[in-house]
Each structure stands twice: as C-alpha cells, then as structure tokens.
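One file, run-v2.cif, carrying mmCIF, C-alpha atoms and all ligand atoms:
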data_run
loop_
_atom_site.label_atom_id
_atom_site.label_comp_id
_atom_site.auth_asym_id
_atom_site.auth_seq_id
_atom_site.Cartn_x
_atom_site.Cartn_y
_atom_site.Cartn_z
CA MET A 1 120.07 186.22 76.32
CA THR A 2 121.70 189.53 77.21
CA ASP A 3 124.36 189.75 79.89
CA VAL A 4 122.07 191.99 81.91
CA LEU A 5 119.44 189.29 82.13
CA THR A 6 121.80 186.37 82.74
CA HIS A 7 123.33 188.32 85.62
CA ALA A 8 119.87 189.07 86.89
CA LEU A 9 118.87 185.39 87.09
CA ALA A 10 117.76 184.32 90.56
CA MET A 11 119.98 181.88 92.41
CA ARG A 12 117.30 179.18 92.24
CA ILE A 13 117.72 178.94 88.45
CA VAL A 14 120.57 176.55 87.83
CA GLU A 15 121.76 175.43 84.43
CA GLU A 16 120.78 171.85 83.64
CA ASP A 17 122.93 169.94 81.19
CA VAL A 18 120.38 169.01 78.53
CA SER A 19 122.99 168.55 75.80
CA PHE A 20 122.56 164.76 75.73
CA ARG A 21 118.79 164.92 75.24
CA THR A 22 119.19 167.66 72.59
CA ARG A 23 121.78 165.60 70.75
CA MET A 24 119.50 162.54 70.73
CA LEU A 25 116.54 164.55 69.44
CA GLU A 26 118.64 166.21 66.75
CA THR A 27 120.04 162.84 65.64
CA ALA A 28 116.50 161.38 65.52
CA ALA A 29 115.24 164.34 63.48
CA GLY A 30 117.86 163.61 60.82
CA LEU A 31 116.89 159.91 60.47
CA ASP A 32 113.98 158.15 58.77
CA ASP A 33 111.77 155.59 60.43
CA VAL A 34 113.01 155.94 64.01
CA ILE A 35 111.11 153.72 66.48
CA ALA A 36 110.60 155.94 69.51
CA LEU A 37 110.54 154.01 72.77
CA GLY A 38 111.82 156.94 74.79
CA ARG A 39 109.07 159.20 76.07
CA GLY A 40 106.43 158.33 78.65
CA ASP A 41 103.56 159.43 76.41
CA PRO A 42 101.01 156.71 75.50
CA ASP A 43 100.64 155.93 71.79
CA PHE A 44 96.87 155.61 72.27
CA HIS A 45 94.56 158.56 71.77
CA THR A 46 92.33 159.80 74.57
CA PRO A 47 89.09 157.73 74.52
CA PRO A 48 86.42 159.51 72.37
CA HIS A 49 83.82 159.98 75.13
CA ILE A 50 86.40 162.01 77.09
CA VAL A 51 87.18 164.20 74.06
CA GLU A 52 83.42 164.64 73.48
CA ALA A 53 82.94 165.87 77.07
CA ALA A 54 85.47 168.65 76.48
CA LYS A 55 83.77 169.65 73.22
CA ARG A 56 80.41 169.66 74.97
CA ALA A 57 81.82 171.85 77.74
CA LEU A 58 82.99 174.39 75.15
CA ASP A 59 79.63 174.33 73.37
CA GLN A 60 77.95 175.03 76.70
CA ASN A 61 80.28 177.96 77.40
CA GLN A 62 82.07 176.14 80.19
CA HIS A 63 85.20 178.13 79.55
CA HIS A 64 85.34 180.44 82.54
CA TYR A 65 87.44 180.29 85.71
CA THR A 66 86.57 177.54 88.16
CA HIS A 67 87.20 177.31 91.89
CA PRO A 68 91.02 177.31 92.24
CA ALA A 69 90.89 173.83 93.78
CA GLY A 70 88.92 172.58 90.76
CA LEU A 71 85.30 171.90 89.78
CA PRO A 72 83.46 170.59 92.87
CA GLN A 73 81.90 167.75 90.84
CA LEU A 74 85.36 166.70 89.59
CA ARG A 75 86.74 166.72 93.13
CA GLU A 76 83.73 164.62 94.24
CA ALA A 77 84.42 162.14 91.42
CA ILE A 78 88.13 161.99 92.37
CA ALA A 79 87.21 161.31 96.01
CA ASP A 80 84.80 158.52 94.91
CA THR A 81 87.46 157.00 92.63
CA LEU A 82 90.16 157.07 95.30
CA ARG A 83 87.77 155.40 97.74
CA ARG A 84 86.57 152.74 95.29
CA ASP A 85 89.88 151.92 93.61
CA HIS A 86 92.37 152.35 96.43
CA GLY A 87 90.39 152.43 99.69
CA LEU A 88 91.48 156.04 100.35
CA ALA A 89 89.21 158.24 102.47
CA TYR A 90 89.38 161.79 101.09
CA ASN A 91 86.50 164.23 100.72
CA ARG A 92 86.29 166.86 98.00
CA ASP A 93 87.78 169.59 100.22
CA GLU A 94 90.89 167.49 100.63
CA ILE A 95 91.68 167.60 96.90
CA ILE A 96 93.26 170.22 94.63
CA VAL A 97 93.14 169.75 90.86
CA THR A 98 96.30 170.96 89.09
CA ALA A 99 97.87 171.15 85.62
CA GLY A 100 99.05 167.54 85.66
CA VAL A 101 100.77 165.91 88.61
CA GLN A 102 103.67 168.11 87.55
CA GLU A 103 102.03 171.24 89.00
CA SER A 104 101.03 169.32 92.13
CA ILE A 105 104.71 168.48 92.68
CA MET A 106 105.74 172.15 92.46
CA LEU A 107 102.82 173.30 94.59
CA LEU A 108 103.62 170.72 97.22
CA MET A 109 107.30 171.63 97.42
CA LEU A 110 106.34 175.31 97.68
CA GLY A 111 104.09 174.30 100.56
CA LEU A 112 106.57 172.05 102.37
CA VAL A 113 110.20 172.89 101.68
CA ASN A 114 112.17 175.52 103.61
CA PRO A 115 115.78 176.35 102.70
CA SER A 116 118.10 173.41 103.56
CA ASP A 117 115.26 170.95 104.12
CA GLU A 118 116.11 167.55 102.72
CA VAL A 119 113.68 165.52 100.62
CA LEU A 120 114.34 161.82 100.04
CA ILE A 121 113.37 160.55 96.58
CA THR A 122 113.04 157.01 95.18
CA SER A 123 115.88 156.68 92.67
CA PRO A 124 116.46 156.27 89.72
CA ARG A 125 113.79 158.86 89.48
CA PHE A 126 111.52 161.30 87.73
CA THR A 127 113.91 164.25 88.14
CA THR A 128 111.19 166.90 88.28
CA TYR A 129 111.31 166.19 92.01
CA ASP A 130 114.95 167.30 92.21
CA MET A 131 114.21 170.49 90.31
CA ALA A 132 111.15 171.39 92.39
CA VAL A 133 112.95 170.76 95.70
CA SER A 134 116.02 172.74 94.58
CA MET A 135 113.92 175.65 93.36
CA CYS A 136 112.48 175.92 96.86
CA GLY A 137 115.97 176.00 98.38
CA GLY A 138 115.81 172.40 99.58
CA VAL A 139 118.18 169.51 99.01
CA PRO A 140 117.04 166.48 96.99
CA VAL A 141 118.45 163.26 98.48
CA PRO A 142 118.19 160.23 96.16
CA VAL A 143 117.45 156.89 97.81
CA PRO A 144 118.91 154.25 95.50
CA THR A 145 117.05 151.10 94.53
CA TYR A 146 118.67 148.03 93.05
CA GLU A 147 118.02 145.51 90.31
CA GLU A 148 118.39 142.61 92.77
CA ASP A 149 115.41 144.01 94.75
CA ASP A 150 113.44 144.54 91.51
CA PHE A 151 114.09 148.26 92.17
CA ALA A 152 111.66 148.36 95.11
CA LEU A 153 112.38 151.12 97.61
CA MET A 154 113.92 149.51 100.69
CA PRO A 155 113.38 150.81 104.25
CA ALA A 156 117.06 150.36 105.25
CA ALA A 157 118.19 152.54 102.32
CA ILE A 158 115.75 155.25 103.43
CA GLU A 159 116.73 155.05 107.09
CA ALA A 160 120.44 155.38 106.27
CA ARG A 161 119.77 158.78 104.68
CA ILE A 162 117.53 160.35 107.32
CA THR A 163 119.07 163.37 109.07
CA PRO A 164 117.61 166.02 111.41
CA ARG A 165 116.89 168.07 108.24
CA THR A 166 114.81 165.38 106.50
CA LYS A 167 111.37 166.83 105.79
CA ALA A 168 109.75 164.37 103.45
CA LEU A 169 110.08 161.13 101.54
CA VAL A 170 108.84 160.81 97.95
CA LEU A 171 107.63 157.29 97.26
CA VAL A 172 106.83 156.67 93.60
CA THR A 173 105.12 153.33 93.05
CA PRO A 174 104.90 152.04 90.37
CA ASN A 175 108.09 153.97 89.63
CA ASN A 176 109.36 155.79 86.59
CA PRO A 177 111.82 154.73 85.05
CA THR A 178 111.96 151.23 86.59
CA GLY A 179 108.30 150.12 86.55
CA ALA A 180 108.98 148.83 90.09
CA VAL A 181 106.02 148.26 92.34
CA THR A 182 106.97 148.55 96.00
CA PRO A 183 105.27 145.53 97.63
CA PRO A 184 102.54 146.12 100.26
CA ALA A 185 104.65 144.58 103.05
CA VAL A 186 107.44 147.06 102.28
CA ILE A 187 104.97 149.98 102.14
CA ARG A 188 103.86 148.98 105.66
CA GLU A 189 107.48 149.07 106.85
CA ILE A 190 108.01 152.45 105.17
CA ALA A 191 104.88 153.75 106.92
CA GLU A 192 106.26 152.71 110.32
CA LEU A 193 109.58 154.32 109.46
CA VAL A 194 108.15 157.73 108.46
CA LYS A 195 106.00 157.75 111.60
CA ARG A 196 109.01 156.86 113.78
CA HIS A 197 111.10 159.68 112.26
CA ASN A 198 108.17 162.11 111.98
CA ILE A 199 108.57 162.82 108.28
CA VAL A 200 106.00 163.60 105.62
CA LEU A 201 105.24 161.04 102.91
CA ILE A 202 104.57 162.15 99.34
CA SER A 203 103.01 159.18 97.57
CA ASP A 204 103.11 159.57 93.78
CA GLU A 205 100.62 157.02 92.44
CA ILE A 206 100.28 158.29 88.87
CA TYR A 207 100.89 154.76 87.51
CA ALA A 208 98.67 152.96 90.06
CA LYS A 209 96.07 151.92 87.46
CA LEU A 210 98.81 150.22 85.44
CA ILE A 211 99.56 147.14 87.56
CA TYR A 212 100.26 143.72 86.01
CA PRO A 213 99.28 140.28 87.29
CA GLY A 214 101.39 139.20 90.25
CA SER A 215 101.91 142.73 91.58
CA GLU A 216 99.78 144.64 94.05
CA HIS A 217 99.48 148.36 94.69
CA LEU A 218 98.93 149.64 98.21
CA SER A 219 98.16 153.32 98.83
CA ALA A 220 100.17 154.36 101.89
CA ALA A 221 97.51 156.78 103.16
CA THR A 222 95.13 153.84 103.83
CA LEU A 223 97.41 152.59 106.63
CA PRO A 224 96.76 153.48 110.28
CA GLY A 225 98.11 156.91 111.26
CA MET A 226 99.25 157.64 107.71
CA LYS A 227 96.58 159.91 106.23
CA GLU A 228 97.64 162.73 108.53
CA ARG A 229 101.23 162.68 107.23
CA THR A 230 100.69 161.70 103.57
CA ILE A 231 99.92 163.63 100.41
CA THR A 232 98.70 161.37 97.62
CA LEU A 233 99.38 162.45 94.02
CA ASN A 234 97.57 161.05 91.02
CA GLY A 235 96.33 162.13 87.61
CA PHE A 236 94.95 161.35 84.19
CA SER A 237 97.96 161.46 81.83
CA LYS A 238 99.00 157.83 81.97
CA ALA A 239 95.90 155.73 82.69
CA TYR A 240 93.60 157.65 80.33
CA ALA A 241 96.20 158.61 77.67
CA MET A 242 95.63 162.27 78.51
CA THR A 243 99.17 163.70 78.69
CA GLY A 244 98.42 166.89 76.76
CA TRP A 245 95.27 167.77 78.66
CA ARG A 246 97.25 168.61 81.79
CA VAL A 247 95.06 167.38 84.62
CA GLY A 248 96.29 165.86 87.88
CA TYR A 249 95.65 166.34 91.57
CA LEU A 250 96.92 166.15 95.10
CA ALA A 251 94.96 164.85 98.08
CA GLY A 252 95.78 165.36 101.74
CA PRO A 253 94.26 166.31 105.08
CA GLU A 254 91.86 169.26 104.79
CA GLU A 255 93.70 171.73 107.05
CA PHE A 256 96.89 171.29 105.02
CA VAL A 257 95.24 171.32 101.59
CA ARG A 258 93.24 174.46 102.47
CA MET A 259 96.55 176.31 102.98
CA LEU A 260 97.67 175.42 99.45
CA VAL A 261 94.63 176.86 97.67
CA GLU A 262 95.98 180.43 97.58
CA PRO A 263 99.45 179.39 96.34
CA ARG A 264 97.66 177.27 93.72
CA HIS A 265 95.60 180.30 92.67
CA THR A 266 98.86 182.24 92.34
CA LEU A 267 100.37 179.64 90.01
CA SER A 268 97.63 179.45 87.38
CA ILE A 269 94.26 180.23 89.07
CA ASN A 270 92.74 176.91 88.00
CA THR A 271 93.27 173.95 85.71
CA ASN A 272 91.97 174.47 82.16
CA THR A 273 88.18 174.28 82.48
CA PRO A 274 87.23 172.11 79.44
CA ALA A 275 90.06 169.73 80.44
CA GLN A 276 88.48 169.43 83.90
CA PHE A 277 85.19 168.41 82.24
CA ALA A 278 87.12 165.85 80.20
CA ALA A 279 88.70 164.49 83.39
CA LEU A 280 85.25 164.26 84.97
CA ALA A 281 84.05 162.17 82.02
CA ALA A 282 87.17 159.99 82.35
CA LEU A 283 86.25 159.09 85.92
CA THR A 284 82.49 158.83 85.58
CA GLY A 285 82.30 157.22 82.12
CA PRO A 286 83.01 153.66 80.98
CA GLN A 287 86.40 152.27 81.99
CA ASP A 288 86.71 149.66 79.23
CA ALA A 289 89.22 151.76 77.25
CA VAL A 290 91.53 151.84 80.29
CA GLN A 291 91.22 148.07 80.57
CA ALA A 292 91.88 147.60 76.84
CA MET A 293 95.02 149.78 76.99
CA LEU A 294 96.22 147.90 80.05
CA GLU A 295 95.77 144.57 78.26
CA GLU A 296 97.73 145.86 75.28
CA TYR A 297 100.54 147.16 77.53
CA SER A 298 100.55 143.82 79.31
CA GLU A 299 101.05 141.94 76.04
CA ARG A 300 103.87 144.25 74.96
CA ARG A 301 105.51 143.92 78.38
CA SER A 302 105.43 140.10 78.31
CA TYR A 303 106.92 140.08 74.84
CA LEU A 304 109.68 142.54 75.75
CA MET A 305 110.61 140.74 78.97
CA GLY A 306 111.10 137.51 77.01
CA ALA A 307 112.94 139.24 74.14
CA LEU A 308 115.34 141.11 76.45
CA SER A 309 116.14 137.93 78.36
CA ASP A 310 116.87 136.23 75.02
CA LEU A 311 119.27 139.10 74.23
CA GLY A 312 121.07 138.47 77.55
CA MET A 313 119.85 141.72 79.07
CA SER A 314 118.62 141.59 82.67
CA TYR A 315 116.11 143.94 84.37
CA GLY A 316 114.24 144.44 87.60
CA HIS A 317 110.75 142.92 87.45
CA PRO A 318 108.50 145.68 86.08
CA GLY A 319 105.26 145.16 88.03
CA GLY A 320 103.60 148.33 86.74
CA ALA A 321 103.71 151.46 84.55
CA PHE A 322 104.88 151.04 80.93
CA TYR A 323 108.64 150.93 81.33
CA ILE A 324 111.36 148.29 81.55
CA TYR A 325 114.68 149.35 83.07
CA THR A 326 117.23 147.16 81.40
CA ASN A 327 120.87 146.40 82.14
CA VAL A 328 122.97 146.83 79.00
CA SER A 329 126.37 146.26 80.63
CA SER A 330 126.69 142.87 78.89
CA THR A 331 127.18 144.81 75.63
CA GLY A 332 130.32 146.49 76.99
CA LEU A 333 128.94 149.96 76.19
CA PRO A 334 128.14 152.56 78.85
CA SER A 335 124.40 153.20 78.62
CA PRO A 336 124.49 156.77 77.19
CA ARG A 337 126.80 155.55 74.42
CA PHE A 338 124.58 152.49 73.91
CA CYS A 339 121.55 154.76 73.38
CA GLU A 340 123.36 157.14 71.03
CA GLU A 341 124.78 154.36 68.88
CA LEU A 342 121.54 152.37 68.87
CA LEU A 343 119.76 155.46 67.61
CA ARG A 344 122.35 156.23 64.96
CA GLN A 345 122.89 152.66 63.74
CA GLY A 346 119.60 150.95 64.61
CA ARG A 347 117.11 153.86 64.51
CA VAL A 348 115.60 152.94 67.88
CA MET A 349 115.30 155.68 70.48
CA ILE A 350 115.48 154.75 74.17
CA PHE A 351 116.81 156.77 77.10
CA PRO A 352 119.84 156.08 79.34
CA GLY A 353 119.55 155.90 83.13
CA SER A 354 121.58 159.13 83.35
CA MET A 355 118.39 160.97 82.32
CA PHE A 356 116.82 159.62 85.51
CA GLY A 357 119.61 160.56 87.90
CA ASP A 358 121.35 157.16 87.65
CA ASP A 359 125.11 157.53 87.22
CA SER A 360 125.85 153.80 87.09
CA ASP A 361 125.96 153.90 83.25
CA LYS A 362 124.45 150.40 83.22
CA TYR A 363 120.77 150.93 82.50
CA VAL A 364 118.40 152.15 79.83
CA ARG A 365 114.67 152.81 80.03
CA ILE A 366 112.50 151.30 77.34
CA SER A 367 108.94 152.58 77.25
CA TYR A 368 106.65 150.15 75.44
CA LEU A 369 104.47 152.83 73.89
CA GLN A 370 104.36 151.64 70.30
CA PRO A 371 102.21 148.91 68.72
CA LEU A 372 103.54 145.38 69.32
CA ALA A 373 104.65 144.99 65.68
CA ARG A 374 106.86 148.09 65.99
CA ILE A 375 108.27 146.85 69.30
CA LYS A 376 109.15 143.56 67.62
CA GLU A 377 110.83 145.47 64.83
CA ALA A 378 112.77 147.52 67.45
CA VAL A 379 113.94 144.35 69.18
CA GLY A 380 115.14 142.97 65.81
CA ARG A 381 117.13 146.16 65.22
CA MET A 382 118.52 146.05 68.77
CA SER A 383 119.56 142.43 68.32
CA GLU A 384 121.40 143.28 65.10
CA PHE A 385 123.09 146.26 66.75
CA ILE A 386 124.19 144.22 69.79
CA GLY A 387 125.51 141.50 67.47
CA ARG A 388 127.63 144.17 65.76
CA VAL A 389 129.06 145.84 68.87
CA GLY A 390 129.24 142.75 71.11
C1 LIG B 401 106.40 159.66 88.46
C2 LIG B 401 105.76 160.77 87.70
N1 LIG B 401 105.09 161.74 88.38
C3 LIG B 401 104.51 162.75 87.71
C4 LIG B 401 104.58 162.86 86.34
C5 LIG B 401 103.91 164.06 85.68
O1 LIG B 401 102.77 163.68 85.00
P1 LIG B 401 101.64 164.69 84.53
O2 LIG B 401 102.08 166.08 84.88
O3 LIG B 401 101.49 164.49 83.06
O4 LIG B 401 100.41 164.32 85.30
C6 LIG B 401 105.24 161.88 85.59
C7 LIG B 401 105.35 161.99 84.12
O5 LIG B 401 106.04 161.26 83.45
C8 LIG B 401 105.86 160.81 86.30
O6 LIG B 401 106.51 159.83 85.65
#

Let me see the structure of the file written as structure tokens.
Amino acid sequence: MTDVLTHALAMRIVEEDVSFRTRMLETAAGLDDVIALGRGDPDFHTPPHIVEAAKRALDQNQHHYTHPAGLPQLREAIADTLRRDHGLAYNRDEIIVTAGVQESIMLLMLGLVNPSDEVLITSPRFTTYDMAVSMCGGVPVPVPTYEEDDFALMPAAIEARITPRTKALVLVTPNNPTGAVTPPAVIREIAELVKRHNIVLISDEIYAKLIYPGSEHLSAATLPGMKERTITLNGFSKAYAMTGWRVGYLAGPEEFVRMLVEPRHTLSINTNTPAQFAALAALTGPQDAVQAMLEEYSERRSYLMGALSDLGMSYGHPGGAFYIYTNVSSTGLPSPRFCEELLRQGRVMIFPGSMFGDDSDKYVRISYLQPLARIKEAVGRMSEFIGRVG
C-alpha cells in the first residue's frame, strides 16, 4: 500500500494482529496430511435438494434484485420456522435476510451503536462482534465465562460490567468457541437483568439447531417483555452446511427492523437471489439431512469428550454447536504454543483461545468437523504429541 493511502485510512480501521493465524496456515500448507479441526465449516455438503433449488432458480431466471429485506416467501418461511422450532412470534415484516449472520451483525451495530456506547459480549467469543462494535465507534466489553460454569454466561458477571454507557448485551447460545448452552433458568435471569437496566439484547442463535441430549435452548425473545428489546439472529451456515451460500437473518420488532431496511440496501441491496431460493428450500423441504448431521456430530462429540478426558484434558460441557473448548494447561504449554507445535509435530490443526479473545493461554478450540475415523486419528496424534512434550 502506498503511504498516501495508509495515511488516508479512516480511524475506524485498526490493524489486527493476524500473524498467528497466517503462521498456522503457512505451516499447514507446507505439511502433508494435516487433520484440520480448526475452522467452523461443516465437512458435510449442502443437502442436494437445497442445491437443486438454487439451480432451478437460475434456470427460471430468478437472478434479479429482490426486496432488500429478502424474498417475501423466504421471510414467511423464516417466521414459520422461528414459531414452530423456538416459539418466537415474528411476522415477515420483522425479518431482514442478510449475507450470513455476519452481515446482520454489522447491520445491527450500524443501527444501534453510537460513539462510546458499550456492548457486552459473551466471552471467549466470536470476535466479529468486537470488530463491528469498534468500527461503529463503540466499545466492546467482554463478559468472561468460566470452565467451572460450563462456560455459561452468568448474570453476576454481566451486572458487574454494566455502566451508564451500556447499550446492548450480545448473548451467544450455544456459543462459539465453547459450545456452551446457557440454561433456560439463566436466560430468564438475564432477561430480568436487561429489563432492569434497560439494555438491548442481541441473541445470536446460529447454533440453536445443534443441541445435544441433556441441554435445552431457550430463545430469549419468547419471554415476557423481551421481544420489544431483543433482536434474534439466526442463519443457514451451520445447521444446513451452507457456509458459502451466505444467508442469515435478523428478526426484531417491526418499527425497529423497518429502520434498518435502507442501511441494508446500502450495504449490498439484497442477499444473493439464487441463495435465497436455496434457503427457502432448506426451510420448507425435508429436515432429515439436518437430523442425520446432528446425529453424526453427536457421535463425534461423545467420542471426543471421552478421549480428551482420557488424555487428562478438561473442558466445559459442550451442550451444543460443534466445538469443544479444552484446557491444555496440564501439558505445561501455553495454548498458542501447544497449537503451533501440535500442527508442526502432529499435523493436527486446532485453534488457541487467543483467537477468540481469551488471553488465559489455557484453552484450545477443537471443531469436530471431520469424519469420526479422522478425529480418532487426530486424537492418536495428539496423544503421541502430549506424551512427547509432557
Ligand atoms: C456465533 C457466530 N455468529 C455468527 C457467525 C457468522 O455466520 P454466517 O455469517 O456464516 O451466518 C458465526 C460463524 O462462525 C458464529 O460462530
């Protein structure tokens, strides 16, 4: 970049240190047969009937602009799904379809955050939230969660960080990177707390279809007095193995959502039209592929939980999503070093907690997005590596 342009950069653009990630990817590129348990991208392909719907849309010339909030029939189907699956009462005019939940996050922060506003975020966390809040001039405020609470967000930890500048709380359940499901009783307490302090709740439920036996998901906006102060985020990437299609959505009270339609139009006019038809097929078609993927994830999760315990590595109970957040401190290595050495010596790629805003240097995220046989092979390599360094 020329000096002229670097000097011209707006103040909101801050340099992120991505050297660790780059180093990991470069190391992996130079090795054979790396087992990648790092990214949050399902190893399954999008179910064929969803792919077919996009092809059909193209054949029928459905490749023009749509309403900026999304195809009306898709928004209807989203409203039906939210009602049926989570008991949420939204109508189609309370929904905006975006390029993944990612664009919903940016749109929402543009709509909510004034300079110096503080936004509380479940932590360790999906750090897009930090970036989006900062780019709007706000201040991201992590709310830590702990292994001994199975990484559930705790009301006392939230309350301790509320100031007169607190605008919103981001609740991500199940969470990335911990897989933690915040229990319904705690969600009820959090609801009372946000009402008492008059703050907005952003409820990121992108992993809500991936819940394992023994855990229960509760959508905060179903609770009394909560719809009016909650924006619910959800999408297609995780449950339907549709990461590359880029479809997600936000849902909130109509008067608020209406005000975001123009900003949404400014960002990208509308979500890719054939991808919206694919998303429609995902919701209205058979759900057995989702169930089959969930069963497979469940099997991998059970295996990994047992294997990690056998290796002497503890974790918070992962009630949902497809991640286990594991404590590697028993190995004596700080987690970034653990990940680098495991990759170099054991050819297994996992990510340290530092990539999720956790500076404890104790944890790594393992995403179980490889076939069980490969996960078993990865555990064998990890065991060998730990035996060597331990
Ligand atoms: C908690 C959370 N929210 C949002 C996203 C963004 O998902 P997408 O933009 O693919 O819908 C992710 C992706 O990993 C995530 O983990």

| request: For stretch 155-170 of chain A, please output as a ChimeraX atom specification all residues within 7 Å (counting all atoms listed in the file; exclusion window: fewer than 3 positions along the same chain). | output: /A:117-122,143,189-190,199-203

Next, dump the selected residues to file, keeping only C-alpha atoms, as an mmCIF file, in the frame of the given file.
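result_37.cif was written with the following content:
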data_model
loop_
_atom_site.group_PDB
_atom_site.id
_atom_site.type_symbol
_atom_site.label_atom_id
_atom_site.label_comp_id
_atom_site.auth_asym_id
_atom_site.auth_seq_id
_atom_site.Cartn_x
_atom_site.Cartn_y
_atom_site.Cartn_z
ATOM 1 C CA ASP A 117 115.260 170.950 104.120
ATOM 2 C CA GLU A 118 116.110 167.550 102.720
ATOM 3 C CA VAL A 119 113.680 165.520 100.620
ATOM 4 C CA LEU A 120 114.340 161.820 100.040
ATOM 5 C CA ILE A 121 113.370 160.550 96.580
ATOM 6 C CA THR A 122 113.040 157.010 95.180
ATOM 7 C CA VAL A 143 117.450 156.890 97.810
ATOM 8 C CA GLU A 189 107.480 149.070 106.850
ATOM 9 C CA ILE A 190 108.010 152.450 105.170
ATOM 10 C CA ILE A 199 108.570 162.820 108.280
ATOM 11 C CA VAL A 200 106.000 163.600 105.620
ATOM 12 C CA LEU A 201 105.240 161.040 102.910
ATOM 13 C CA ILE A 202 104.570 162.150 99.340
ATOM 14 C CA SER A 203 103.010 159.180 97.570
#

| message | When you count all atoms listed in the file, which of these residues is closest to A:Asn114: A:Leu88, A:Val247, A:Val97, A:Val139? | response |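 Ranking A:Leu88, A:Val247, A:Val97, A:Val139 by distance to A:Asn114, first place goes to A:Val139.
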
Within 6 Å of ligand LIG 401 (chain B), counting only C-alpha atoms and all ligand atoms, residues as a PDB file with C-alpha atoms, in the frame of the given file:
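The result, stored in pocket-v1.pdb:
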ATOM      1  CA  GLY A  40     106.430 158.330  78.650  1.00  0.00           C
ATOM      2  CA  GLY A 100      99.050 167.540  85.660  1.00  0.00           C
ATOM      3  CA  VAL A 101     100.770 165.910  88.610  1.00  0.00           C
ATOM      4  CA  GLN A 102     103.670 168.110  87.550  1.00  0.00           C
ATOM      5  CA  PHE A 126     111.520 161.300  87.730  1.00  0.00           C
ATOM      6  CA  VAL A 172     106.830 156.670  93.600  1.00  0.00           C
ATOM      7  CA  ASN A 176     109.360 155.790  86.590  1.00  0.00           C
ATOM      8  CA  ILE A 206     100.280 158.290  88.870  1.00  0.00           C
ATOM      9  CA  GLY A 235      96.330 162.130  87.610  1.00  0.00           C
ATOM     10  CA  SER A 237      97.960 161.460  81.830  1.00  0.00           C
ATOM     11  CA  THR A 243      99.170 163.700  78.690  1.00  0.00           C
ATOM     12  CA  GLY A 248      96.290 165.860  87.880  1.00  0.00           C
TER      13      GLY A 248
END

| request: Quote the spacing between atom CA of A:Gly316 and atom CA of A:Arg344 in Å to one decimal place. | output: 26.8 Å

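Straight-line separation from atom CA of A:Thr178 to atom CA of A:Thr145: 9.4 Å.
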
| Among the residues A:Thr232, A:Gln291, A:Gln62, A:Asn175, the one that comes closest to A:Phe322 [using all atoms listed in the file] |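 Nearest to A:Phe322: A:Asn175.
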
| message | Using all atoms listed in the file, can you tell me which of A:Ala36, A:Met226, A:Leu153, A:Ala307 comes closest to A:Arg196? | response | A:Met226

Using all atoms listed in the file, which residues sit within 12 Å of A:Arg246 once same-chain residues fewer than 5 positions away are excluded, as a PDB file with C-alpha atoms, in the coordinates of the input?
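Generated file (result.pdb):
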ATOM      1  CA  VAL A  97      93.140 169.750  90.860  1.00  0.00           C
ATOM      2  CA  THR A  98      96.300 170.960  89.090  1.00  0.00           C
ATOM      3  CA  ALA A  99      97.870 171.150  85.620  1.00  0.00           C
ATOM      4  CA  GLY A 100      99.050 167.540  85.660  1.00  0.00           C
ATOM      5  CA  VAL A 101     100.770 165.910  88.610  1.00  0.00           C
ATOM      6  CA  GLN A 102     103.670 168.110  87.550  1.00  0.00           C
ATOM      7  CA  GLU A 103     102.030 171.240  89.000  1.00  0.00           C
ATOM      8  CA  SER A 104     101.030 169.320  92.130  1.00  0.00           C
ATOM      9  CA  ASN A 234      97.570 161.050  91.020  1.00  0.00           C
ATOM     10  CA  GLY A 235      96.330 162.130  87.610  1.00  0.00           C
ATOM     11  CA  PHE A 236      94.950 161.350  84.190  1.00  0.00           C
ATOM     12  CA  SER A 237      97.960 161.460  81.830  1.00  0.00           C
ATOM     13  CA  LYS A 238      99.000 157.830  81.970  1.00  0.00           C
ATOM     14  CA  TYR A 240      93.600 157.650  80.330  1.00  0.00           C
ATOM     15  CA  ALA A 241      96.200 158.610  77.670  1.00  0.00           C
ATOM     16  CA  ASN A 270      92.740 176.910  88.000  1.00  0.00           C
ATOM     17  CA  THR A 271      93.270 173.950  85.710  1.00  0.00           C
ATOM     18  CA  ASN A 272      91.970 174.470  82.160  1.00  0.00           C
ATOM     19  CA  THR A 273      88.180 174.280  82.480  1.00  0.00           C
ATOM     20  CA  PRO A 274      87.230 172.110  79.440  1.00  0.00           C
ATOM     21  CA  ALA A 275      90.060 169.730  80.440  1.00  0.00           C
ATOM     22  CA  GLN A 276      88.480 169.430  83.900  1.00  0.00           C
ATOM     23  CA  ALA A 278      87.120 165.850  80.200  1.00  0.00           C
ATOM     24  CA  ALA A 279      88.700 164.490  83.390  1.00  0.00           C
TER      25      ALA A 279
END

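Reported to one decimal place, the separation of atom CA of A:Asp93 from atom CA of A:Leu74 is 11.3 Å.
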
| note | Using only C-alpha atoms, the best pick from A:Gly30, A:Pro334, A:Pro47, A:Gly353 as closest to A:Val290 would be A:Pro47

| message | Report as a VMD selection string all protein, DNA and RNA residues lying within 9 Å of A:Asn91, evaluated on all atoms listed in the file, omitting residues in the same chain fewer than 2 positions from it. | response | chain A and resid 75 to 76 78 to 80 89 93 to 95 251 254

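Taking all atoms listed in the file into account, the residues near (95.2, 152.4, 70.8), no farther than 10 Å, are Pro42, Asp43, Phe44, His45, Thr46, Pro47, Ala241, Ala289, Ala292, Met293, Glu296, Leu369, Gln370 and Pro371 of chain A.
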
| said: I'd like the contact shell of A:Arg264 - 8 Å cut-off, all atoms listed in the file, skipping same-chain residues fewer than 3 positions apart - returned as a VMD selection string. | reply: chain A and resid 68 to 69 98 107 260 to 261 267 to 270

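Neighbours of A:His217 closer than or equal to 12 Å, with only C-alpha atoms counted and sequence neighbours fewer than 6 positions away skipped, come out as A:Asp85, A:His86, A:Gly87, A:Val172, A:Thr173, A:Pro174, A:Asn175, A:Ala180, A:Val181, A:Thr182, A:Pro183, A:Pro184, A:Ala185, A:Val186, A:Ile187, A:Arg188, A:Ser203, A:Asp204, A:Glu205, A:Ile206, A:Tyr207, A:Ala208, A:Lys209, A:Leu210, A:Ile211, A:Gly319, A:Gly320, A:Ala321.
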
| field | Which residue of A:Ala53, A:Leu372, A:Glu15, A:His7 approaches A:Ala281 most closely, using all atoms listed in the file | value |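 With all atoms listed in the file as the atom set, the closest residue is A:Ala53.
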
| query | Which one of A:Arg21, A:Lys227, A:Arg56, A:His67 sits closest to A:Gly252 if you count all atoms listed in the file? | reply | A:Lys227

| Please, which residues are within 10 Å of (117.6, 149.4, 78.4) by the file's coordinates, counting all atoms listed in the file, and could they come as number ranges by chain? | A: 308, 313-315, 323-329, 335, 338-339, 350-353, 362-367
